[in-house]
file work_31.txt (compact mmCIF, C-alpha atoms)
# COMPACT_ATOMS: atom_id res chain seq x y z
CA MET Z 1 0.00 0.00 0.00
CA THR Z 2 1.36 3.42 -0.88
CA ASP Z 3 1.74 5.80 2.04
CA ILE Z 4 0.76 9.45 1.86
CA ARG Z 5 1.97 11.74 4.59
CA VAL Z 6 -0.37 14.50 5.73
CA GLN Z 7 0.72 18.10 5.23
CA PRO Z 8 -0.40 21.14 7.14
CA LEU Z 9 -3.02 23.01 5.15
CA THR Z 10 -1.78 26.20 3.52
CA ALA Z 11 -3.59 28.42 1.05
CA ALA Z 12 -0.73 28.09 -1.43
CA ALA Z 13 -0.58 24.29 -1.38
CA PHE Z 14 -4.37 24.05 -1.52
CA ALA Z 15 -4.90 26.66 -4.24
CA PRO Z 16 -5.14 24.17 -7.14
CA TYR Z 17 -8.01 22.42 -5.36
CA GLY Z 18 -9.91 25.08 -3.49
CA ASP Z 19 -9.98 27.78 -0.86
CA VAL Z 20 -8.84 27.76 2.73
CA LEU Z 21 -11.43 29.56 4.87
CA ASP Z 22 -9.69 31.06 7.87
CA CYS Z 23 -8.97 34.29 9.71
CA LYS Z 24 -5.28 34.62 8.95
CA GLY Z 25 -4.07 38.16 8.41
CA ALA Z 26 -6.06 41.33 8.83
CA PRO Z 27 -9.82 41.35 8.31
CA ASP Z 28 -11.13 42.92 5.12
CA ARG Z 29 -13.55 45.06 7.10
CA ILE Z 30 -14.13 46.01 10.71
CA ILE Z 31 -17.83 46.05 11.54
CA ASN Z 32 -20.16 46.28 14.52
CA ALA Z 33 -18.60 49.39 16.06
CA GLY Z 34 -15.12 47.91 15.95
CA LEU Z 35 -16.02 44.67 17.69
CA CYS Z 36 -15.97 42.29 14.72
CA GLY Z 37 -13.66 41.56 11.81
CA ARG Z 38 -15.14 40.42 8.50
CA PHE Z 39 -12.97 38.19 6.32
CA HIS Z 40 -15.01 38.81 3.23
CA ASP Z 41 -16.20 36.42 0.53
CA ARG Z 42 -13.43 33.89 0.84
CA ALA Z 43 -14.81 31.00 -1.20
CA GLN Z 44 -14.98 30.64 -4.98
CA MET Z 45 -18.53 29.39 -4.99
CA ASP Z 46 -19.75 28.06 -8.32
CA MET Z 47 -23.17 26.49 -8.28
CA GLY Z 48 -23.59 26.40 -12.05
CA ASP Z 49 -27.29 26.30 -12.91
CA GLY Z 50 -28.22 25.36 -9.34
CA ARG Z 51 -28.25 27.39 -6.14
CA ALA Z 52 -26.24 27.36 -2.94
CA GLY Z 53 -27.72 25.56 0.05
CA ILE Z 54 -26.65 25.04 3.65
CA SER Z 55 -26.75 21.48 4.95
CA LEU Z 56 -25.33 20.03 8.15
CA PHE Z 57 -23.24 16.87 8.16
CA ARG Z 58 -22.70 14.77 11.27
CA SER Z 59 -19.96 12.27 10.62
CA GLU Z 60 -18.28 9.44 12.45
CA LEU Z 61 -14.70 10.25 13.42
CA ARG Z 62 -11.77 8.72 11.58
CA ALA Z 63 -8.17 8.19 12.71
CA LEU Z 64 -4.75 8.05 11.14
CA PRO Z 65 -3.50 5.87 9.58
CA TYR Z 66 -6.54 6.10 7.29
CA GLN Z 67 -7.12 3.81 4.35
CA LEU Z 68 -8.20 5.76 1.28
CA ASP Z 69 -10.20 3.65 -1.15
CA LEU Z 70 -12.34 6.26 -2.84
CA ILE Z 71 -12.39 9.84 -4.00
CA GLU Z 72 -15.33 11.72 -5.45
CA ARG Z 73 -16.11 14.95 -7.21
CA HIS Z 74 -19.08 17.17 -7.88
CA PRO Z 75 -18.99 18.27 -11.53
CA LEU Z 76 -21.86 20.72 -11.15
CA GLY Z 77 -20.79 22.76 -8.14
CA SER Z 78 -18.32 23.72 -5.44
CA GLN Z 79 -18.57 22.33 -1.91
CA ALA Z 80 -17.47 23.91 1.36
CA PHE Z 81 -16.82 22.03 4.61
CA ILE Z 82 -17.05 24.31 7.65
CA PRO Z 83 -16.31 22.68 11.00
CA MET Z 84 -18.71 23.63 13.79
CA SER Z 85 -16.14 22.73 16.45
CA MET Z 86 -12.56 23.86 16.98
CA ASP Z 87 -11.04 20.63 15.69
CA GLY Z 88 -8.86 19.81 12.74
CA PHE Z 89 -9.99 17.40 10.05
CA LEU Z 90 -8.43 15.43 7.25
CA VAL Z 91 -8.74 16.81 3.73
CA VAL Z 92 -7.83 14.65 0.75
CA VAL Z 93 -7.72 16.04 -2.77
CA ALA Z 94 -6.39 14.94 -6.15
CA GLY Z 95 -5.76 16.51 -9.53
CA ASP Z 96 -6.55 15.02 -12.90
CA ASP Z 97 -3.77 12.46 -12.35
CA LEU Z 98 -5.85 11.04 -9.47
CA VAL Z 99 -2.81 11.00 -7.19
CA PRO Z 100 -4.09 12.03 -3.76
CA GLN Z 101 -2.64 14.62 -1.44
CA ALA Z 102 -3.62 14.83 2.21
CA PHE Z 103 -3.85 17.85 4.48
CA VAL Z 104 -4.87 18.34 8.08
CA THR Z 105 -6.59 21.59 8.96
CA ALA Z 106 -5.87 23.64 12.04
CA PRO Z 107 -8.74 24.45 14.44
CA GLY Z 108 -10.83 27.28 13.04
CA GLU Z 109 -10.19 26.47 9.40
CA GLY Z 110 -12.72 25.39 6.79
CA ILE Z 111 -12.22 24.58 3.14
CA ASN Z 112 -14.07 25.01 -0.14
CA PHE Z 113 -13.48 22.53 -2.93
CA HIS Z 114 -13.68 24.15 -6.33
CA ARG Z 115 -16.25 22.76 -8.72
CA GLY Z 116 -15.15 19.42 -10.12
CA THR Z 117 -12.23 18.85 -7.74
CA TRP Z 118 -11.53 15.25 -6.73
CA HIS Z 119 -11.67 14.92 -2.96
CA GLY Z 120 -12.14 12.45 -0.15
CA VAL Z 121 -15.34 12.25 1.86
CA LEU Z 122 -15.67 14.25 5.06
CA THR Z 123 -13.20 12.82 7.57
CA PRO Z 124 -13.18 14.51 10.97
CA LEU Z 125 -10.38 13.37 13.26
CA ALA Z 126 -11.66 14.75 16.59
CA GLY Z 127 -14.66 16.45 18.14
CA PRO Z 128 -18.37 15.99 17.42
CA GLY Z 129 -17.95 15.51 13.67
CA LEU Z 130 -20.38 18.35 12.98
CA PHE Z 131 -19.98 20.49 9.86
CA ALA Z 132 -21.92 23.00 7.83
CA VAL Z 133 -21.70 22.12 4.14
CA ILE Z 134 -22.43 24.72 1.49
CA ASP Z 135 -22.97 23.06 -1.82
CA ARG Z 136 -25.15 22.99 -4.87
CA ILE Z 137 -28.85 22.28 -4.70
CA GLY Z 138 -30.34 21.45 -8.07
CA ALA Z 139 -31.14 18.80 -10.62
CA GLY Z 140 -28.57 16.71 -12.45
CA ALA Z 141 -25.93 14.10 -11.63
CA ASN Z 142 -23.54 15.88 -9.28
CA LEU Z 143 -21.53 12.95 -7.95
CA GLU Z 144 -18.74 11.00 -9.63
CA GLU Z 145 -16.73 8.42 -7.71
CA HIS Z 146 -13.32 6.94 -8.33
CA HIS Z 147 -12.36 3.70 -6.56
CA PHE Z 148 -8.64 3.11 -6.32
CA ALA Z 149 -7.49 -0.28 -7.57
CA ALA Z 150 -4.94 -0.25 -4.75
CA PRO Z 151 -5.88 1.81 -1.69
CA TYR Z 152 -3.57 4.42 -0.20
CA ARG Z 153 -2.64 4.69 3.45
CA ILE Z 154 -2.63 8.21 4.89
CA ILE Z 155 -0.21 8.58 7.74
CA PRO Z 156 0.72 11.37 10.18
CA MET K 1 -34.62 50.21 30.79
CA THR K 2 -36.91 47.42 29.62
CA ASP K 3 -35.67 43.92 30.34
CA ILE K 4 -35.89 41.09 27.85
CA ARG K 5 -35.32 37.60 29.10
CA VAL K 6 -33.49 35.16 26.82
CA GLN K 7 -35.36 32.11 25.59
CA PRO K 8 -33.90 28.82 24.42
CA LEU K 9 -33.85 28.70 20.64
CA THR K 10 -36.52 26.49 19.11
CA ALA K 11 -37.43 26.14 15.45
CA ALA K 12 -41.07 26.99 16.21
CA ALA K 13 -40.32 30.18 18.14
CA PHE K 14 -37.75 31.26 15.56
CA ALA K 15 -39.82 30.42 12.47
CA PRO K 16 -41.13 33.97 11.89
CA TYR K 17 -37.54 35.23 11.71
CA GLY K 18 -35.48 32.47 10.19
CA ASP K 19 -34.20 28.93 10.29
CA VAL K 20 -32.49 27.01 13.05
CA LEU K 21 -29.61 25.00 11.59
CA ASP K 22 -29.06 21.94 13.73
CA CYS K 23 -28.98 18.14 13.71
CA LYS K 24 -32.11 17.44 15.69
CA GLY K 25 -34.07 14.40 14.56
CA ALA K 26 -33.08 11.91 11.92
CA PRO K 27 -30.84 12.95 9.02
CA ASP K 28 -32.46 13.37 5.62
CA ARG K 29 -29.87 11.13 4.03
CA ILE K 30 -27.17 8.74 5.15
CA ILE K 31 -24.04 9.08 3.03
CA ASN K 32 -20.41 7.97 2.95
CA ALA K 33 -21.09 4.25 3.41
CA GLY K 34 -23.27 4.84 6.44
CA LEU K 35 -20.76 6.98 8.31
CA CYS K 36 -22.35 10.41 7.83
CA GLY K 37 -25.80 11.92 8.17
CA ARG K 38 -26.82 14.76 5.89
CA PHE K 39 -29.35 17.26 7.24
CA HIS K 40 -30.20 18.61 3.86
CA ASP K 41 -30.74 22.17 2.66
CA ARG K 42 -31.91 23.61 5.96
CA ALA K 43 -31.77 27.35 5.24
CA GLN K 44 -34.18 29.47 3.24
CA MET K 45 -31.47 31.30 1.36
CA ASP K 46 -32.63 34.26 -0.68
CA MET K 47 -29.92 36.32 -2.30
CA GLY K 48 -32.20 38.26 -4.61
CA ASP K 49 -30.22 39.53 -7.58
CA GLY K 50 -26.90 38.86 -5.81
CA ARG K 51 -25.11 35.61 -5.03
CA ALA K 52 -24.28 33.69 -1.88
CA GLY K 53 -20.81 34.12 -0.41
CA ILE K 54 -18.97 32.65 2.54
CA SER K 55 -17.24 35.10 4.86
CA LEU K 56 -15.72 34.53 8.28
CA PHE K 57 -16.50 36.79 11.22
CA ARG K 58 -14.28 37.00 14.28
CA SER K 59 -16.10 38.87 17.00
CA GLU K 60 -15.41 40.08 20.50
CA LEU K 61 -17.37 38.18 23.14
CA ARG K 62 -20.35 39.73 24.87
CA ALA K 63 -21.95 38.90 28.23
CA LEU K 64 -25.38 39.04 29.80
CA PRO K 65 -26.85 41.38 30.83
CA TYR K 66 -26.36 42.90 27.38
CA GLN K 67 -27.51 46.37 26.43
CA LEU K 68 -29.29 46.39 23.09
CA ASP K 69 -29.13 49.76 21.36
CA LEU K 70 -29.38 48.77 17.73
CA ILE K 71 -30.91 46.27 15.37
CA GLU K 72 -30.27 45.97 11.68
CA ARG K 73 -31.63 44.20 8.62
CA HIS K 74 -30.51 43.26 5.17
CA PRO K 75 -33.31 44.00 2.72
CA LEU K 76 -31.59 42.34 -0.23
CA GLY K 77 -30.68 38.95 1.20
CA SER K 78 -30.73 36.32 3.93
CA GLN K 79 -27.82 35.90 6.35
CA ALA K 80 -26.66 32.76 8.16
CA PHE K 81 -24.46 32.69 11.27
CA ILE K 82 -22.71 29.36 11.71
CA PRO K 83 -20.55 29.03 14.82
CA MET K 84 -17.16 27.39 14.25
CA SER K 85 -16.92 26.37 17.91
CA MET K 86 -19.27 24.40 20.14
CA ASP K 87 -20.53 27.45 22.00
CA GLY K 88 -23.88 29.09 22.29
CA PHE K 89 -24.46 32.66 21.16
CA LEU K 90 -27.06 35.34 21.64
CA VAL K 91 -29.58 35.89 18.83
CA VAL K 92 -31.80 38.97 18.86
CA VAL K 93 -34.61 39.41 16.34
CA ALA K 94 -37.62 41.67 15.92
CA GLY K 95 -40.71 41.79 13.76
CA ASP K 96 -42.18 44.83 12.08
CA ASP K 97 -43.18 46.17 15.51
CA LEU K 98 -39.45 46.46 16.32
CA VAL K 99 -39.98 44.77 19.69
CA PRO K 100 -36.95 42.55 20.20
CA GLN K 101 -36.91 38.93 21.24
CA ALA K 102 -33.74 37.23 22.49
CA PHE K 103 -32.67 33.62 22.14
CA VAL K 104 -29.58 31.72 23.17
CA THR K 105 -28.46 28.88 20.93
CA ALA K 106 -27.25 25.52 22.14
CA PRO K 107 -23.80 24.29 21.11
CA GLY K 108 -23.90 22.96 17.56
CA GLU K 109 -26.69 25.25 16.38
CA GLY K 110 -26.51 27.94 13.72
CA ILE K 111 -29.21 30.24 12.44
CA ASN K 112 -30.27 31.83 9.16
CA PHE K 113 -32.09 35.15 9.22
CA HIS K 114 -34.65 35.41 6.45
CA ARG K 115 -34.21 38.26 4.01
CA GLY K 116 -35.24 41.55 5.58
CA THR K 117 -35.50 40.30 9.18
CA TRP K 118 -34.53 42.75 11.90
CA HIS K 119 -31.77 41.29 14.04
CA GLY K 120 -28.97 42.16 16.42
CA VAL K 121 -25.33 42.06 15.41
CA LEU K 122 -23.31 38.91 15.99
CA THR K 123 -23.00 38.43 19.76
CA PRO K 124 -21.01 35.38 20.83
CA LEU K 125 -21.13 34.68 24.56
CA ALA K 126 -18.25 32.19 24.82
CA GLY K 127 -15.44 30.64 22.81
CA PRO K 128 -13.27 32.15 20.08
CA GLY K 129 -16.06 34.25 18.52
CA LEU K 130 -15.45 32.65 15.14
CA PHE K 131 -18.33 32.21 12.69
CA ALA K 132 -18.93 31.43 9.05
CA VAL K 133 -21.43 33.88 7.61
CA ILE K 134 -23.30 33.05 4.43
CA ASP K 135 -24.87 36.16 3.01
CA ARG K 136 -25.46 38.11 -0.13
CA ILE K 137 -22.61 39.42 -2.25
CA GLY K 138 -23.75 42.05 -4.74
CA ALA K 139 -24.39 45.68 -5.43
CA GLY K 140 -27.00 47.80 -3.67
CA ALA K 141 -27.71 49.07 -0.15
CA ASN K 142 -28.12 45.94 1.92
CA LEU K 143 -27.97 47.40 5.44
CA GLU K 144 -30.64 49.26 7.36
CA GLU K 145 -30.17 50.15 11.02
CA HIS K 146 -32.64 51.00 13.74
CA HIS K 147 -31.39 52.73 16.88
CA PHE K 148 -33.68 52.35 19.88
CA ALA K 149 -34.61 55.59 21.58
CA ALA K 150 -34.45 53.70 24.87
CA PRO K 151 -32.12 50.69 24.94
CA TYR K 152 -33.26 47.27 26.12
CA ARG K 153 -31.43 45.12 28.62
CA ILE K 154 -31.19 41.43 27.75
CA ILE K 155 -30.97 39.25 30.82
CA PRO K 156 -30.51 35.51 31.48
call {"tool": "encode", "arguments": {"input": "work_31.txt", "output": "structure tokens"}}
result
Amino acid sequence: MTDIRVQPLTAAAFAPYGDVLDCKGAPDRIINAGLCGRFHDRAQMDMGDGRAGISLFRSELRALPYQLDLIERHPLGSQAFIPMSMDGFLVVVAGDDLVPQAFVTAPGEGINFHRGTWHGVLTPLAGPGLFAVIDRIGAGANLEEHHFAAPYRIIP
Amino acid sequence: MTDIRVQPLTAAAFAPYGDVLDCKGAPDRIINAGLCGRFHDRAQMDMGDGRAGISLFRSELRALPYQLDLIERHPLGSQAFIPMSMDGFLVVVAGDDLVPQAFVTAPGEGINFHRGTWHGVLTPLAGPGLFAVIDRIGAGANLEEHHFAAPYRIIP
């Protein structure tokens, strides 16, 4: 089995696949009489001919090492995973070559997969496994799956 | 000063103002080989002629009793507050009579204000004050404010 080592999530490393949603750097705007920073419009949302919806996902926790058998993609829209607890989670993505890369988020970070990006299913590593998911609501076949002939093993 | 006592947030009590985003009850779908529940499309998003965007808000914490001087509304779009930590927060809303009501969320709950609903600014009561906000991105004047001649005091 081929091992893949997890990397810390950075905006630069993740840029080919999507957006990191975090509060690094200065806020774009200060609102609410100086009491709140707004980090504005951080996700490249693309819902095609559908619309954006907010769903909640409650997932079983996973652990490393994690066996990766499957990736999927949504050809019709982007998909954001926003953790509702201050816990990191595992993010797997792949380019057109289908070779996976693995990242672990820091607490307080979400991600947005660009439309059509290969990615692993939601894999929380700690906490309640509760996420808000902003993705496309609409008609059409918005799920493609790729099963690896030989699974990968994702390691710390 | 008029006192307003906080209520626990329930979908029924909040229905005139917006949606409670939580994982109560059974999931609408089971996905990811049985390991994840999807609570599907729970927010009445209405972005009018704009589009939905994901921003992050990092806010100073507040405490009860809380003096309420101001409510605001967004006439052009809905706005969701999704906590990124397992902490409750204060939610203030008002109808056309401008009489405020106050709710406190449970951990793991977000809310979505319907388009044009009067509400208080983001008021976390505990935790890092970190939220994902899904609201309208687009041109036009999307903020109206109402300053109370006599402030209210929100109490536990």
call {"tool": "interface_residues", "arguments": {"input": "work_31.txt", "of": "chain K", "to": "chain Z", "cutoff": "9 Å", "atoms": "all atoms listed in the file", "output": "number ranges by chain"}}
result
K: 21-23, 27, 32, 35-45, 51-61, 80, 82-87, 107-110, 121-122, 128-132, 134, 137
call {"tool": "atom_distance", "arguments": {"input": "work_31.txt", "atom1": "CA of Gly138 (chain Z)", "atom2": "CA of Ser78 (chain K)"}}
result
19.1 Å
call {"tool": "atom_distance", "arguments": {"input": "work_31.txt", "atom1": "CA of Ala102 (chain K)", "atom2": "CA of Val6 (chain K)"}}
result
4.8 Å
call {"tool": "atom_distance", "arguments": {"input": "work_31.txt", "atom1": "CA of Ala150 (chain Z)", "atom2": "CA of Asp69 (chain Z)"}}
result
7.5 Å
call {"tool": "residues_around", "arguments": {"input": "work_31.txt", "residues": "Glu144 (chain K)", "least_positions_apart": "6", "cutoff": "7 Å", "atoms": "only C-alpha atoms", "output": "ChimeraX atom specification"}}
result
/K:72-74
call {"tool": "closest_residue", "arguments": {"input": "work_31.txt", "among": "Z:Ala26, Z:Val92, Z:Ile71, Z:Ala13", "to": "Ile154 (chain Z)", "atoms": "all atoms listed in the file"}}
result
Z:Val92
call {"tool": "residues_around", "arguments": {"input": "work_31.txt", "residues": "Asp96 (chain Z)", "least_positions_apart": "2", "cutoff": "9 Å", "atoms": "all atoms listed in the file", "output": "count of residues only"}}
result
5
call {"tool": "closest_residue", "arguments": {"input": "work_31.txt", "among": "K:Gly116, K:Pro100, K:Gly25, K:Pro16", "to": "Leu68 (chain K)", "atoms": "all atoms listed in the file"}}
result
K:Pro100
call {"tool": "residues_around", "arguments": {"input": "work_31.txt", "residues": "Ile155 (chain K)", "least_positions_apart": "6", "cutoff": "10 Å", "atoms": "all atoms listed in the file", "output": "list in words"}}
result
Asp3, Ile4, Arg5, Val6, Gln7, Ala63, Leu64, Pro65, Tyr66, Gln67 and Ala102 of chain K
call {"tool": "build_atoms", "arguments": {"input": "work_31.txt", "residues": "region 2-26 of chain K", "atoms": "N, CA and C atoms", "output": "short mmCIF file (atom, residue, chain, number, x, y, z; two decimals), in the coordinates of the input"}}
result
data_model
loop_
_atom_site.label_atom_id
_atom_site.label_comp_id
_atom_site.auth_asym_id
_atom_site.auth_seq_id
_atom_site.Cartn_x
_atom_site.Cartn_y
_atom_site.Cartn_z
N THR K 2 -36.04 48.60 29.68
CA THR K 2 -36.91 47.42 29.62
C THR K 2 -36.06 46.16 29.53
N ASP K 3 -36.39 45.20 30.37
CA ASP K 3 -35.67 43.92 30.34
C ASP K 3 -36.30 42.94 29.36
N ILE K 4 -35.45 42.19 28.71
CA ILE K 4 -35.89 41.09 27.85
C ILE K 4 -35.16 39.84 28.31
N ARG K 5 -35.94 38.82 28.62
CA ARG K 5 -35.32 37.60 29.10
C ARG K 5 -35.01 36.69 27.91
N VAL K 6 -33.83 36.06 27.92
CA VAL K 6 -33.49 35.16 26.82
C VAL K 6 -34.32 33.89 26.90
N GLN K 7 -34.65 33.38 25.72
CA GLN K 7 -35.36 32.11 25.59
C GLN K 7 -34.42 31.09 24.94
N PRO K 8 -34.63 29.82 25.22
CA PRO K 8 -33.90 28.82 24.42
C PRO K 8 -34.39 28.91 22.98
N LEU K 9 -33.49 28.64 22.06
CA LEU K 9 -33.85 28.70 20.64
C LEU K 9 -34.61 27.43 20.25
N THR K 10 -35.80 27.62 19.70
CA THR K 10 -36.52 26.49 19.11
C THR K 10 -36.92 26.88 17.69
N ALA K 11 -37.06 25.88 16.84
CA ALA K 11 -37.43 26.14 15.45
C ALA K 11 -38.79 26.82 15.38
N ALA K 12 -39.72 26.42 16.25
CA ALA K 12 -41.07 26.99 16.21
C ALA K 12 -41.04 28.47 16.60
N ALA K 13 -40.35 28.79 17.69
CA ALA K 13 -40.32 30.18 18.14
C ALA K 13 -39.56 31.07 17.15
N PHE K 14 -38.59 30.48 16.46
CA PHE K 14 -37.75 31.26 15.56
C PHE K 14 -38.31 31.35 14.14
N ALA K 15 -39.31 30.54 13.85
CA ALA K 15 -39.82 30.42 12.47
C ALA K 15 -40.20 31.76 11.83
N PRO K 16 -40.79 32.71 12.57
CA PRO K 16 -41.13 33.97 11.89
C PRO K 16 -39.90 34.76 11.43
N TYR K 17 -38.74 34.42 11.96
CA TYR K 17 -37.54 35.23 11.71
C TYR K 17 -36.50 34.51 10.83
N GLY K 18 -36.51 33.18 10.92
CA GLY K 18 -35.48 32.47 10.19
C GLY K 18 -35.47 31.00 10.49
N ASP K 19 -34.35 30.37 10.16
CA ASP K 19 -34.20 28.93 10.29
C ASP K 19 -33.17 28.59 11.37
N VAL K 20 -33.48 27.58 12.14
CA VAL K 20 -32.49 27.01 13.05
C VAL K 20 -31.76 25.91 12.29
N LEU K 21 -30.44 25.98 12.31
CA LEU K 21 -29.61 25.00 11.59
C LEU K 21 -29.00 24.07 12.62
N ASP K 22 -29.57 22.88 12.73
CA ASP K 22 -29.06 21.94 13.73
C ASP K 22 -29.28 20.51 13.24
N CYS K 23 -28.88 19.56 14.06
CA CYS K 23 -28.98 18.14 13.71
C CYS K 23 -30.00 17.43 14.57
N LYS K 24 -31.05 18.13 14.94
CA LYS K 24 -32.11 17.44 15.69
C LYS K 24 -32.84 16.48 14.76
N GLY K 25 -33.30 15.37 15.34
CA GLY K 25 -34.07 14.40 14.56
C GLY K 25 -33.17 13.56 13.67
N ALA K 26 -33.81 12.82 12.81
CA ALA K 26 -33.08 11.91 11.92
C ALA K 26 -32.53 12.68 10.73
#
